[in-house]
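Chemist: Input query-v6.txt, format and content: compact mmCIF, C-alpha atoms.
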```
# COMPACT_ATOMS: atom_id res chain seq x y z
CA MET A 13 -20.69 -35.97 -105.30
CA THR A 14 -17.20 -35.94 -103.80
CA PRO A 15 -16.55 -37.15 -100.24
CA PRO A 16 -15.84 -33.58 -99.04
CA GLU A 17 -19.15 -32.43 -100.55
CA TYR A 18 -20.97 -35.24 -98.77
CA GLU A 19 -19.30 -34.34 -95.48
CA TYR A 20 -20.19 -30.69 -96.00
CA LEU A 21 -23.85 -31.56 -96.61
CA ARG A 22 -23.93 -33.88 -93.60
CA LYS A 23 -22.61 -31.16 -91.35
CA PHE A 24 -24.87 -28.53 -92.87
CA LEU A 25 -27.98 -30.68 -92.36
CA LYS A 26 -26.95 -31.61 -88.84
CA ASP A 27 -26.37 -28.01 -87.79
CA TYR A 28 -29.36 -26.60 -89.55
CA SER A 29 -32.06 -29.16 -88.82
CA GLY A 30 -30.60 -31.83 -86.55
CA LEU A 31 -30.89 -34.36 -89.37
CA ASP A 32 -28.25 -36.95 -88.63
CA LEU A 33 -27.12 -38.87 -91.70
CA SER A 34 -24.76 -41.80 -91.27
CA ALA A 35 -21.65 -42.02 -93.45
CA ASP A 36 -23.34 -44.12 -96.14
CA LYS A 37 -26.43 -42.11 -97.09
CA GLN A 38 -25.07 -40.63 -100.33
CA TYR A 39 -27.93 -42.22 -102.25
CA LEU A 40 -30.42 -40.39 -100.08
CA ILE A 41 -28.78 -37.04 -100.76
CA GLU A 42 -28.70 -37.80 -104.49
CA SER A 43 -32.33 -38.89 -104.63
CA ARG A 44 -33.63 -35.95 -102.58
CA LEU A 45 -31.38 -33.12 -103.66
CA PHE A 46 -30.72 -33.82 -107.32
CA PRO A 47 -34.34 -33.03 -108.31
CA LEU A 48 -34.12 -29.81 -106.25
CA ALA A 49 -30.84 -28.85 -107.93
CA ARG A 50 -32.38 -29.29 -111.36
CA LYS A 51 -35.54 -27.46 -110.35
CA VAL A 52 -33.55 -24.33 -109.51
CA GLY A 53 -31.38 -24.58 -112.61
CA LEU A 54 -28.22 -26.13 -111.17
CA SER A 55 -26.33 -28.92 -112.91
CA GLY A 56 -26.12 -31.18 -109.89
CA ILE A 57 -25.04 -31.71 -106.28
CA SER A 58 -21.67 -29.95 -106.64
CA GLU A 59 -23.28 -26.70 -107.74
CA LEU A 60 -25.91 -27.13 -105.03
CA VAL A 61 -23.16 -27.30 -102.41
CA GLN A 62 -21.61 -24.14 -103.87
CA LYS A 63 -24.96 -22.40 -103.58
CA ILE A 64 -25.33 -23.42 -99.93
CA MET A 65 -21.83 -22.09 -99.27
CA GLY A 66 -22.98 -18.87 -100.93
CA GLY A 67 -25.30 -18.46 -97.94
CA SER A 68 -28.84 -18.04 -99.29
CA ALA A 69 -31.13 -18.62 -96.32
CA ALA A 70 -34.18 -19.26 -98.50
CA PHE A 71 -32.33 -21.88 -100.49
CA ASN A 72 -31.04 -23.54 -97.33
CA VAL A 73 -34.64 -23.98 -96.19
CA GLN A 74 -35.48 -25.64 -99.50
CA VAL A 75 -32.56 -28.04 -99.08
CA VAL A 76 -33.63 -29.02 -95.57
CA GLU A 77 -37.23 -29.43 -96.65
CA ALA A 78 -36.25 -31.66 -99.56
CA MET A 79 -34.28 -33.86 -97.18
CA THR A 80 -36.83 -34.14 -94.38
CA THR A 81 -40.24 -34.18 -96.04
CA ASN A 82 -41.75 -37.63 -95.98
CA GLU A 83 -44.88 -39.28 -97.18
CA THR A 84 -47.58 -39.66 -94.58
CA PHE A 85 -51.19 -40.76 -94.60
CA PHE A 86 -54.42 -40.54 -92.67
CA PHE A 87 -54.62 -42.66 -89.49
CA ARG A 88 -51.08 -43.83 -90.16
CA ASP A 89 -50.36 -47.12 -88.33
CA LYS A 90 -53.97 -47.14 -86.96
CA VAL A 91 -52.94 -48.30 -83.46
CA PRO A 92 -52.02 -44.85 -82.08
CA PHE A 93 -55.45 -43.57 -83.10
CA GLU A 94 -57.13 -46.51 -81.39
CA HIS A 95 -55.18 -45.62 -78.25
CA PHE A 96 -56.26 -42.01 -78.69
CA ARG A 97 -59.96 -42.99 -78.88
CA ASN A 98 -60.02 -45.84 -76.39
CA LEU A 99 -57.42 -44.92 -73.78
CA ILE A 100 -56.22 -41.34 -73.93
CA MET A 101 -59.42 -39.41 -74.58
CA PRO A 102 -61.56 -41.40 -72.10
CA GLN A 103 -58.91 -40.62 -69.48
CA MET A 104 -58.89 -36.94 -70.50
CA LEU A 105 -62.68 -36.77 -70.24
CA ARG A 106 -62.40 -37.94 -66.65
CA SER A 107 -59.32 -36.04 -65.51
CA ARG A 108 -60.16 -32.75 -67.28
CA ALA A 109 -63.88 -32.82 -66.50
CA ASN A 110 -63.59 -29.58 -64.54
CA ARG A 111 -61.60 -27.48 -66.95
CA LYS A 112 -63.12 -29.09 -70.05
CA SER A 113 -60.17 -28.42 -72.26
CA VAL A 114 -57.53 -30.51 -73.97
CA ARG A 115 -54.40 -29.25 -75.71
CA ILE A 116 -52.79 -31.53 -78.30
CA TRP A 117 -49.50 -30.98 -80.10
CA CYS A 118 -48.62 -32.72 -83.37
CA ALA A 119 -44.89 -32.09 -83.28
CA ALA A 120 -44.34 -33.21 -86.86
CA GLY A 121 -47.69 -32.25 -88.34
CA SER A 122 -46.40 -32.49 -91.91
CA THR A 123 -49.09 -32.17 -94.57
CA GLY A 124 -51.92 -32.44 -92.05
CA GLN A 125 -53.00 -36.05 -92.18
CA GLU A 126 -52.13 -36.66 -88.53
CA PRO A 127 -53.72 -33.57 -86.95
CA TYR A 128 -56.79 -33.94 -89.15
CA SER A 129 -57.07 -37.64 -88.26
CA LEU A 130 -57.14 -36.59 -84.60
CA ALA A 131 -59.65 -33.83 -85.36
CA MET A 132 -61.96 -36.28 -87.16
CA SER A 133 -61.63 -38.77 -84.29
CA LEU A 134 -62.70 -36.02 -81.89
CA LYS A 135 -65.65 -35.06 -84.09
CA GLU A 136 -66.69 -38.71 -84.10
CA MET A 137 -66.87 -38.59 -80.30
CA GLY A 138 -69.78 -36.18 -80.73
CA ALA A 139 -71.73 -35.10 -77.67
CA ALA A 140 -69.15 -36.44 -75.20
CA LEU A 141 -67.05 -33.38 -76.04
CA GLY A 142 -69.90 -30.87 -76.04
CA GLY A 143 -68.74 -27.66 -74.34
CA TRP A 144 -65.08 -28.72 -74.42
CA ARG A 145 -62.34 -26.53 -75.82
CA ILE A 146 -60.01 -28.62 -77.94
CA GLU A 147 -56.80 -27.17 -79.27
CA ILE A 148 -54.69 -29.05 -81.82
CA VAL A 149 -51.39 -27.36 -82.62
CA ALA A 150 -49.63 -28.75 -85.68
CA THR A 151 -46.02 -27.72 -86.10
CA ASP A 152 -43.47 -28.61 -88.72
CA LEU A 153 -40.04 -27.48 -89.76
CA SER A 154 -41.26 -27.01 -93.31
CA GLN A 155 -43.39 -24.02 -94.24
CA GLU A 156 -44.23 -25.71 -97.52
CA VAL A 157 -45.91 -28.73 -95.90
CA LEU A 158 -47.70 -26.47 -93.41
CA GLU A 159 -49.22 -24.53 -96.30
CA LYS A 160 -50.51 -27.78 -97.76
CA SER A 161 -51.85 -28.77 -94.36
CA LYS A 162 -53.67 -25.46 -93.95
CA ALA A 163 -55.30 -25.81 -97.38
CA GLY A 164 -56.45 -29.31 -96.46
CA LEU A 165 -56.41 -30.37 -100.12
CA TYR A 166 -55.48 -33.95 -100.93
CA SER A 167 -55.17 -36.03 -104.07
CA GLN A 168 -57.37 -39.02 -104.76
CA PHE A 169 -54.36 -41.18 -103.99
CA GLU A 170 -53.80 -39.53 -100.60
CA VAL A 171 -57.41 -39.90 -99.43
CA GLN A 172 -57.35 -43.60 -100.19
CA ARG A 173 -54.48 -44.42 -97.86
CA GLY A 174 -55.77 -45.01 -94.35
CA LEU A 175 -58.95 -42.96 -94.50
CA PRO A 176 -62.14 -45.05 -94.16
CA ILE A 177 -64.59 -44.23 -96.95
CA GLN A 178 -67.30 -43.18 -94.46
CA LEU A 179 -65.00 -40.47 -93.12
CA LEU A 180 -64.17 -39.28 -96.63
CA VAL A 181 -67.87 -38.88 -97.39
CA LYS A 182 -68.55 -37.23 -94.06
CA TYR A 183 -65.66 -34.79 -93.75
CA PHE A 184 -64.45 -33.99 -97.29
CA LYS A 185 -65.73 -32.13 -100.33
CA GLN A 186 -64.71 -32.82 -103.88
CA VAL A 187 -62.85 -29.91 -105.48
CA GLY A 188 -62.17 -30.85 -109.08
CA GLU A 189 -59.71 -33.73 -109.01
CA LEU A 190 -58.90 -33.11 -105.35
CA TRP A 191 -60.59 -33.60 -102.00
CA GLN A 192 -60.70 -30.86 -99.38
CA ILE A 193 -61.29 -31.48 -95.71
CA ASN A 194 -64.25 -29.48 -94.39
CA PRO A 195 -63.74 -26.03 -92.83
CA ASP A 196 -64.99 -27.10 -89.39
CA ILE A 197 -62.25 -29.77 -89.22
CA ARG A 198 -59.63 -27.36 -90.59
CA ALA A 199 -60.62 -24.82 -87.95
CA MET A 200 -59.75 -27.31 -85.20
CA VAL A 201 -56.06 -27.22 -86.16
CA GLN A 202 -53.63 -24.32 -85.68
CA HIS A 203 -50.47 -24.34 -87.75
CA ARG A 204 -47.05 -23.05 -86.73
CA GLN A 205 -43.63 -23.37 -88.23
CA PHE A 206 -41.35 -24.77 -85.56
CA ASN A 207 -37.97 -26.44 -85.26
CA LEU A 208 -37.75 -29.17 -82.62
CA LEU A 209 -34.22 -28.04 -81.82
CA HIS A 210 -35.66 -24.78 -80.47
CA ASP A 211 -37.15 -23.96 -77.07
CA PHE A 212 -40.65 -25.44 -76.62
CA SER A 213 -41.76 -23.01 -73.94
CA GLN A 214 -43.39 -20.60 -76.43
CA LEU A 215 -45.86 -23.38 -77.30
CA GLY A 216 -47.11 -23.86 -73.75
CA VAL A 217 -47.96 -27.11 -71.99
CA PHE A 218 -49.94 -29.91 -73.60
CA ASP A 219 -52.10 -32.78 -72.43
CA LEU A 220 -51.00 -34.95 -75.33
CA ILE A 221 -48.06 -34.83 -77.71
CA PHE A 222 -47.94 -36.80 -80.93
CA CYS A 223 -44.30 -36.88 -81.98
CA ARG A 224 -44.18 -39.58 -84.59
CA ASN A 225 -41.64 -40.52 -87.21
CA VAL A 226 -39.51 -37.44 -86.73
CA LEU A 227 -37.04 -38.39 -83.99
CA ILE A 228 -35.56 -40.96 -86.33
CA TYR A 229 -33.80 -38.04 -88.01
CA PHE A 230 -31.83 -37.13 -84.90
CA ASP A 231 -28.76 -38.61 -83.26
CA GLN A 232 -29.05 -40.25 -79.83
CA GLU A 233 -27.92 -37.19 -77.92
CA THR A 234 -30.42 -34.92 -79.66
CA LYS A 235 -33.21 -37.46 -79.16
CA THR A 236 -32.48 -37.58 -75.43
CA ASN A 237 -32.43 -33.81 -75.31
CA ILE A 238 -35.78 -33.58 -77.12
CA PHE A 239 -37.36 -36.18 -74.81
CA ASN A 240 -36.17 -34.25 -71.76
CA ARG A 241 -37.71 -31.06 -73.11
CA LEU A 242 -40.91 -32.84 -74.21
CA ALA A 243 -41.30 -34.05 -70.63
CA LYS A 244 -41.56 -30.40 -69.57
CA ALA A 245 -44.02 -29.60 -72.37
CA VAL A 246 -46.51 -32.26 -71.30
CA GLU A 247 -48.72 -32.33 -68.21
CA PRO A 248 -47.55 -34.77 -65.50
CA ASP A 249 -50.52 -37.01 -66.27
CA GLY A 250 -50.40 -36.32 -70.01
CA PHE A 251 -49.29 -38.59 -72.82
CA LEU A 252 -46.59 -38.83 -75.45
CA VAL A 253 -47.20 -40.90 -78.57
CA LEU A 254 -44.24 -42.00 -80.69
CA GLY A 255 -43.97 -43.67 -84.09
CA ALA A 256 -44.06 -47.41 -84.62
CA ALA A 257 -40.27 -47.75 -84.80
CA GLU A 258 -39.44 -45.28 -82.03
CA THR A 259 -38.92 -45.70 -78.31
CA VAL A 260 -37.57 -43.89 -75.27
CA ILE A 261 -35.98 -47.07 -73.99
CA GLY A 262 -32.24 -46.69 -73.69
CA LEU A 263 -32.46 -42.94 -74.35
CA THR A 264 -34.16 -41.40 -71.35
CA THR A 265 -36.06 -42.25 -68.19
CA VAL A 266 -38.20 -39.12 -68.19
CA PHE A 267 -40.92 -41.07 -70.02
CA LYS A 268 -42.10 -44.60 -69.39
CA PRO A 269 -43.94 -46.83 -71.84
CA LEU A 270 -47.46 -47.90 -70.95
CA VAL A 271 -47.69 -51.66 -70.71
CA GLU A 272 -49.67 -53.24 -73.53
CA GLN A 273 -50.18 -49.83 -75.20
CA ARG A 274 -47.49 -49.79 -77.84
CA GLY A 275 -46.15 -46.35 -78.68
CA VAL A 276 -47.81 -44.57 -75.73
CA TYR A 277 -45.69 -43.01 -72.96
CA GLN A 278 -46.22 -40.94 -69.84
CA PRO A 279 -43.87 -38.71 -67.88
CA ASN A 280 -42.05 -40.73 -65.28
CA GLU A 281 -41.68 -38.09 -62.67
CA VAL A 282 -45.27 -37.71 -61.61
CA ARG A 283 -44.96 -34.44 -59.76
CA HIS A 284 -48.45 -34.34 -58.26
CA ALA A 285 -48.82 -38.05 -58.30
CA PRO A 286 -52.29 -39.27 -59.21
CA VAL A 287 -53.16 -42.73 -57.97
CA ARG A 288 -51.03 -45.23 -59.82
CA THR A 289 -52.88 -47.82 -61.77
CA PRO A 290 -51.46 -51.16 -62.94
CA VAL A 291 -51.15 -49.75 -66.44
CA PHE A 292 -48.15 -47.69 -65.31
CA ALA A 293 -46.07 -50.76 -64.47
CA ALA A 294 -42.36 -50.67 -65.08
CA ILE A 295 -40.66 -52.00 -68.18
CA THR A 296 -40.75 -55.77 -68.15
CA PRO A 297 -37.75 -57.82 -69.27
CA LYS A 298 -39.89 -58.99 -72.20
CA MET A 299 -40.49 -55.43 -73.36
CA ALA A 300 -36.83 -54.61 -73.01
CA ALA A 301 -36.02 -57.66 -75.11
CA MET A 302 -38.53 -56.57 -77.76
CA ALA A 303 -36.95 -53.16 -77.87
CA GLY A 304 -33.60 -54.81 -78.43
CA ILE A 305 -31.82 -53.65 -75.29
CA MET B 1 -56.91 -68.91 -97.39
CA LYS B 2 -59.57 -66.27 -97.97
CA THR B 3 -61.33 -65.96 -101.30
CA CYS B 4 -61.81 -62.76 -103.28
CA LEU B 5 -64.22 -62.51 -106.19
CA VAL B 6 -62.89 -59.95 -108.67
CA VAL B 7 -65.69 -58.53 -110.82
CA ASP B 8 -64.69 -56.33 -113.75
CA ASP B 9 -65.51 -56.42 -117.47
CA CYS B 10 -61.92 -55.48 -118.29
CA ALA B 11 -59.58 -58.48 -118.32
CA VAL B 12 -56.54 -56.24 -117.80
CA VAL B 13 -58.02 -54.83 -114.59
CA ARG B 14 -58.93 -58.32 -113.37
CA LYS B 15 -55.40 -59.48 -114.02
CA ALA B 16 -53.84 -56.51 -112.22
CA ALA B 17 -56.17 -57.01 -109.24
CA ARG B 18 -55.44 -60.74 -109.22
CA GLN B 19 -51.70 -60.14 -109.06
CA ILE B 20 -52.02 -57.71 -106.18
CA LEU B 21 -54.50 -59.83 -104.23
CA GLU B 22 -52.61 -63.09 -104.70
CA GLY B 23 -49.66 -61.22 -103.23
CA LEU B 24 -51.88 -60.51 -100.21
CA ASP B 25 -52.68 -64.25 -99.90
CA PHE B 26 -56.13 -64.35 -101.43
CA ARG B 27 -57.51 -67.07 -103.65
CA ILE B 28 -59.05 -65.37 -106.68
CA VAL B 29 -62.26 -66.08 -108.55
CA GLU B 30 -63.02 -63.83 -111.52
CA ALA B 31 -66.29 -62.70 -113.10
CA LYS B 32 -66.72 -60.33 -116.03
CA ASP B 33 -70.15 -58.91 -115.13
CA GLY B 34 -72.68 -58.78 -112.29
CA GLU B 35 -74.67 -61.75 -113.52
CA LYS B 36 -71.61 -64.01 -113.70
CA ALA B 37 -70.63 -62.73 -110.26
CA LEU B 38 -74.05 -63.63 -108.88
CA GLN B 39 -73.73 -67.15 -110.29
CA ALA B 40 -70.32 -67.46 -108.65
CA CYS B 41 -71.77 -66.32 -105.30
CA LYS B 42 -74.58 -68.87 -105.56
CA ARG B 43 -71.96 -71.59 -105.92
CA ASN B 44 -69.68 -70.30 -103.15
CA LEU B 45 -69.86 -67.08 -101.19
CA PRO B 46 -66.44 -65.41 -101.19
CA ASP B 47 -64.99 -63.55 -98.20
CA VAL B 48 -64.70 -60.33 -100.17
CA ILE B 49 -65.76 -58.95 -103.54
CA LEU B 50 -63.83 -56.34 -105.51
CA LEU B 51 -66.58 -54.83 -107.62
CA ASP B 52 -66.56 -52.63 -110.70
CA TRP B 53 -69.59 -50.41 -111.24
CA ASN B 54 -70.11 -50.07 -114.99
CA MET B 55 -70.34 -53.45 -116.70
CA PRO B 56 -72.50 -54.98 -119.44
CA VAL B 57 -75.40 -57.37 -118.65
CA MET B 58 -75.61 -56.44 -114.95
CA ASP B 59 -73.73 -53.55 -113.34
CA GLY B 60 -72.05 -53.65 -109.96
CA TYR B 61 -74.71 -51.64 -108.19
CA GLU B 62 -77.50 -53.97 -109.28
CA PHE B 63 -75.36 -56.97 -108.38
CA LEU B 64 -74.84 -55.60 -104.87
CA GLY B 65 -78.61 -55.34 -104.36
CA HIS B 66 -79.10 -58.97 -105.43
CA LEU B 67 -76.18 -60.13 -103.30
CA ARG B 68 -77.40 -58.46 -100.11
CA ARG B 69 -80.84 -60.07 -100.56
CA MET B 70 -79.36 -63.57 -100.99
CA PRO B 71 -79.27 -65.96 -98.03
CA GLY B 72 -75.94 -65.24 -96.36
CA GLY B 73 -75.41 -62.37 -98.79
CA ASN B 74 -74.60 -59.88 -96.04
CA ALA B 75 -71.46 -61.78 -95.10
CA PRO B 76 -69.05 -60.96 -97.94
CA LYS B 77 -67.29 -57.63 -97.68
CA VAL B 78 -67.87 -55.57 -100.80
CA VAL B 79 -65.23 -53.13 -102.00
CA PHE B 80 -66.28 -51.10 -105.02
CA CYS B 81 -63.47 -50.40 -107.45
CA THR B 82 -64.57 -47.99 -110.12
CA THR B 83 -63.91 -44.87 -112.15
CA GLU B 84 -67.19 -43.48 -110.77
CA ASN B 85 -65.37 -41.14 -108.41
CA GLY B 86 -68.14 -38.71 -107.51
CA ILE B 87 -69.35 -38.38 -103.96
CA ASP B 88 -72.91 -39.16 -105.11
CA HIS B 89 -71.88 -42.56 -106.38
CA ILE B 90 -69.88 -43.28 -103.24
CA SER B 91 -72.80 -42.38 -100.97
CA GLN B 92 -75.20 -44.43 -103.11
CA ALA B 93 -72.89 -47.45 -102.89
CA LEU B 94 -72.54 -47.17 -99.11
CA ARG B 95 -76.31 -46.94 -98.69
CA ALA B 96 -76.69 -50.10 -100.78
CA GLY B 97 -74.38 -51.98 -98.44
CA ALA B 98 -70.87 -51.52 -99.83
CA ASP B 99 -68.16 -51.69 -97.15
CA GLU B 100 -65.42 -49.75 -98.89
CA TYR B 101 -64.80 -47.87 -102.10
CA ILE B 102 -61.74 -47.61 -104.30
CA MET B 103 -61.52 -44.86 -106.89
CA LYS B 104 -59.60 -46.02 -109.94
CA PRO B 105 -56.76 -45.98 -110.74
CA PHE B 106 -55.61 -48.19 -107.88
CA ASP B 107 -52.29 -49.68 -106.83
CA LYS B 108 -51.13 -52.26 -104.31
CA ASP B 109 -50.99 -49.75 -101.45
CA ILE B 110 -54.57 -48.66 -101.99
CA ILE B 111 -55.90 -52.22 -102.26
CA ALA B 112 -53.98 -53.25 -99.13
CA ALA B 113 -55.20 -50.16 -97.23
CA LYS B 114 -58.84 -50.68 -98.21
CA PHE B 115 -58.78 -54.41 -97.48
CA HIS B 116 -57.27 -53.50 -94.13
CA GLU B 117 -60.23 -51.15 -93.52
CA VAL B 118 -62.65 -54.05 -93.95
CA GLY B 119 -60.55 -56.24 -91.66
CA LEU B 120 -59.15 -58.66 -94.23
CA VAL B 121 -55.52 -57.59 -94.49
CA GLN B 122 -53.06 -56.93 -91.69
CA LEU B 123 -50.82 -54.02 -92.53
CA MET B 124 -47.15 -54.39 -91.80
CA ASP B 125 -45.59 -51.72 -89.66
CA PRO B 126 -44.39 -49.49 -92.45
CA ASN B 127 -40.76 -48.59 -92.49
CA PRO B 128 -41.13 -45.10 -91.04
CA SER B 129 -38.28 -43.63 -92.98
CA ALA B 130 -35.44 -44.36 -95.28
CA ILE B 131 -33.34 -42.14 -93.09
CA SER B 132 -33.19 -44.11 -89.85
CA ALA B 133 -29.54 -44.13 -89.03
```
Rewrite the coordinates I just gave you, this time as structure tokens.
Modeler:
Amino acid sequence: MTPPEYEYLRKFLKDYSGLDLSADKQYLIESRLFPLARKVGLSGISELVQKIMGGSAAFNVQVVEAMTTNETFFFRDKVPFEHFRNLIMPQMLRSRANRKSVRIWCAAGSTGQEPYSLAMSLKEMGAALGGWRIEIVATDLSQEVLEKSKAGLYSQFEVQRGLPIQLLVKYFKQVGELWQINPDIRAMVQHRQFNLLHDFSQLGVFDLIFCRNVLIYFDQETKTNIFNRLAKAVEPDGFLVLGAAETVIGLTTVFKPLVEQRGVYQPNEVRHAPVRTPVFAAITPKMAAMAGI
Amino acid sequence: MKTCLVVDDCAVVRKAARQILEGLDFRIVEAKDGEKALQACKRNLPDVILLDWNMPVMDGYEFLGHLRRMPGGNAPKVVFCTTENGIDHISQALRAGADEYIMKPFDKDIIAAKFHEVGLVQLMDPNPSAISA
């Protein structure tokens, strides 16, 4: 790949998907796009660049998907799901007791492990949610991963990463070599193709947004922009959950981290301020130091 | 250091498991069938047992029954590790007191994930992406 080809691909990916590659990620392009080039009968990256310049929209989608699709697994990182069970949902049960509904957005739903992990966690809550309307909206840039998510079919390898065996037995059926998540869990999740660079208003307002391991693709300015728009897509007393290596610190003040609840954030500008509890304390110097600012 | 008893009639599998588990800071004891495993448990109860199902002399399922009836035999975590990948076998194992279940073939990630499920391995924060700028 020549330097101009690399620069062309960088700009293409940035414009098309927001993916922000630094100047030294040639290896990543090679490892992700060479297999795609061969799959569609091209000799390598140079021909792939020519094809992008040729302007085939369908092919451009394939290129972006090859660059942005990442491995994920059930209950990834564990801690966010513990917060969901022990902090977020108990608070929702209290604060939404009248309307009895909760809307959740998985903003990078990928192949379904995250939205289905949330759906299983909710099922496990049993009678506490009787009569409640729960909506989980899973979006992703990639139609291909959404199709996999909808099918809910996983390999033996995939169901052994992060999924406790009791939940496998309870919520999956064996289909040949694969495992399929049960229809009642699948029915809890709606799928929509969606680009985080686009306007969120069509999705409505959510009580909880899981936006994990996707903002790492974007440059600082785009991250800040997305946070500012996420703040409008979440209820004033709702929650934002980010990935283990992600933070709002240094990027925006529209969200604040919850003390001692790593990865969980709430909108800062509490428009109809509920009573503040100690958990909403400001960022401590120690936290700032941990975040490296 | 925690101890893991690796029970499998196949020496190659025991060796592969040993390598992975030593990498996760376990001390390894090996047994090639359920009876040998039971003898090992009578000498010293391990913290966790990685247990094959089909073995000569005494299979893993029978071993589990004996183990759970031993004094102190409820303490070790038992992780089945077998080619018996049907849901019937998994359910049967859980009813008999298994804590987790690995369907062969396994790799380091699966062992680490399953041992994390039973509370014996801390998972590192995974690097969320190769793309972080």
Chemist: Would you kindly report the residues of chain A within 9 Å of chain B, using only C-alpha atoms, as number ranges by chain?
Modeler: A: 31-34, 37, 40, 80, 82-83, 89, 168-169, 172-178, 181, 185-186, 225-226, 228-231, 255-257
Chemist: Can you list, as a list in words, every protein, DNA or RNA residue that comes within 9 Å of region 242-244 of chain A when you count only C-alpha atoms, leaving out same-chain residues fewer than 5 positions away?
Modeler: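 Once the nearby chain positions are removed, what remains is Phe212, Ser213, Val217, Ile221, Asn237, Leu252, Val266, Phe267, Gln278, Pro279, Asn280 and Glu281 of chain A.
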Chemist: Could you check how far CA of Ser55 (chain A) sits from CA of Ser43 (chain A), in Å to one decimal?
Modeler: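 So the answer is 14.3 Å.
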Chemist: Do a neighbour search on Ile238 (chain A) at 10 Å with all atoms listed in the file, toss out local chain neighbours closer than 3 positions, and write the hits as a ChimeraX atom specification.
Modeler: /A:208-212,227,230,232-235,241-243,264
Chemist: Write out as a PyMOL selection string which residues come within 10 Å of region 32-41 of chain B when counting all atoms listed in the file, dropping same-chain ones fewer than 2 positions away.
Modeler: chain B and resi 5-11+14+29-30+43-46+49+51-64+66-67+70+72-73+76
Chemist: Kindly give the distance, in Å, that separates CA of Met13 (chain A) and CA of Glu156 (chain A), rounded to a single decimal.
Modeler: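 Separating CA of Met13 (chain A) from CA of Glu156 (chain A) is a distance of 26.8 Å.
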Chemist: Which residue, B:Gly65, B:Thr3, B:Cys81, B:Arg27, has the smallest gap to Arg95 (chain B) when you use only C-alpha atoms?
Modeler: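 Of B:Gly65, B:Thr3, B:Cys81, B:Arg27, the one nearest Arg95 (chain B) is B:Gly65, counting only C-alpha atoms.
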Chemist: Which distance in Å separates CA of Phe87 (chain A) and CA of Arg224 (chain A), to one decimal?
Modeler: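 Computing the Euclidean distance for CA of Phe87 (chain A) and CA of Arg224 (chain A) yields 11.9 Å.
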Chemist: Looking at only C-alpha atoms, which of A:Asp36, A:Asp152, A:Glu136, A:Asp196 is the one that sits closest to Gly164 (chain A)?
Modeler: A:Asp196
Chemist: Using all atoms listed in the file, which of B:Ala93, B:Ile20, B:Val79, B:Ile28 sits nearest Lys2 (chain B)?
Modeler: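 For Lys2 (chain B), the nearest of the candidates is B:Ile28.
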Chemist: Which is closest to Glu22 (chain B) among B:His89, B:Arg68, B:Lys108, B:Lys42, if we use only C-alpha atoms?
Modeler: B:Lys108
Chemist: Can you patch up region 55-66 of chain A, filling it in to N, CA and C atoms, and show the result as a PDB file, in the frame of the given file?
Modeler:
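rebuild_9.pdb, written as the output of this step:
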```
ATOM      1  N   SER A  55     -26.655 -27.708-112.145  1.00  0.00           N
ATOM      2  CA  SER A  55     -26.330 -28.920-112.910  1.00  0.00           C
ATOM      3  C   SER A  55     -26.346 -30.162-112.031  1.00  0.00           C
ATOM      4  N   GLY A  56     -26.130 -29.994-110.748  1.00  0.00           N
ATOM      5  CA  GLY A  56     -26.120 -31.180-109.890  1.00  0.00           C
ATOM      6  C   GLY A  56     -25.713 -30.826-108.472  1.00  0.00           C
ATOM      7  N   ILE A  57     -25.300 -31.866-107.712  1.00  0.00           N
ATOM      8  CA  ILE A  57     -25.040 -31.710-106.280  1.00  0.00           C
ATOM      9  C   ILE A  57     -23.865 -30.747-106.026  1.00  0.00           C
ATOM     10  N   SER A  58     -22.830 -30.808-106.891  1.00  0.00           N
ATOM     11  CA  SER A  58     -21.670 -29.950-106.640  1.00  0.00           C
ATOM     12  C   SER A  58     -22.064 -28.467-106.658  1.00  0.00           C
ATOM     13  N   GLU A  59     -22.840 -28.095-107.668  1.00  0.00           N
ATOM     14  CA  GLU A  59     -23.280 -26.700-107.740  1.00  0.00           C
ATOM     15  C   GLU A  59     -24.219 -26.358-106.580  1.00  0.00           C
ATOM     16  N   LEU A  60     -24.998 -27.355-106.165  1.00  0.00           N
ATOM     17  CA  LEU A  60     -25.910 -27.130-105.030  1.00  0.00           C
ATOM     18  C   LEU A  60     -25.109 -26.829-103.766  1.00  0.00           C
ATOM     19  N   VAL A  61     -24.021 -27.554-103.572  1.00  0.00           N
ATOM     20  CA  VAL A  61     -23.160 -27.300-102.410  1.00  0.00           C
ATOM     21  C   VAL A  61     -22.574 -25.893-102.493  1.00  0.00           C
ATOM     22  N   GLN A  62     -22.142 -25.501-103.690  1.00  0.00           N
ATOM     23  CA  GLN A  62     -21.610 -24.140-103.870  1.00  0.00           C
ATOM     24  C   GLN A  62     -22.648 -23.103-103.471  1.00  0.00           C
ATOM     25  N   LYS A  63     -23.893 -23.354-103.867  1.00  0.00           N
ATOM     26  CA  LYS A  63     -24.960 -22.400-103.580  1.00  0.00           C
ATOM     27  C   LYS A  63     -25.225 -22.309-102.070  1.00  0.00           C
ATOM     28  N   ILE A  64     -25.157 -23.448-101.388  1.00  0.00           N
ATOM     29  CA  ILE A  64     -25.330 -23.420 -99.930  1.00  0.00           C
ATOM     30  C   ILE A  64     -24.197 -22.605 -99.297  1.00  0.00           C
ATOM     31  N   MET A  65     -22.980 -22.835 -99.806  1.00  0.00           N
ATOM     32  CA  MET A  65     -21.830 -22.090 -99.270  1.00  0.00           C
ATOM     33  C   MET A  65     -21.991 -20.597 -99.521  1.00  0.00           C
ATOM     34  N   GLY A  66     -22.712 -20.269-100.596  1.00  0.00           N
ATOM     35  CA  GLY A  66     -22.980 -18.870-100.930  1.00  0.00           C
ATOM     36  C   GLY A  66     -23.882 -18.193 -99.896  1.00  0.00           C
TER      37      GLY A  66
END
```
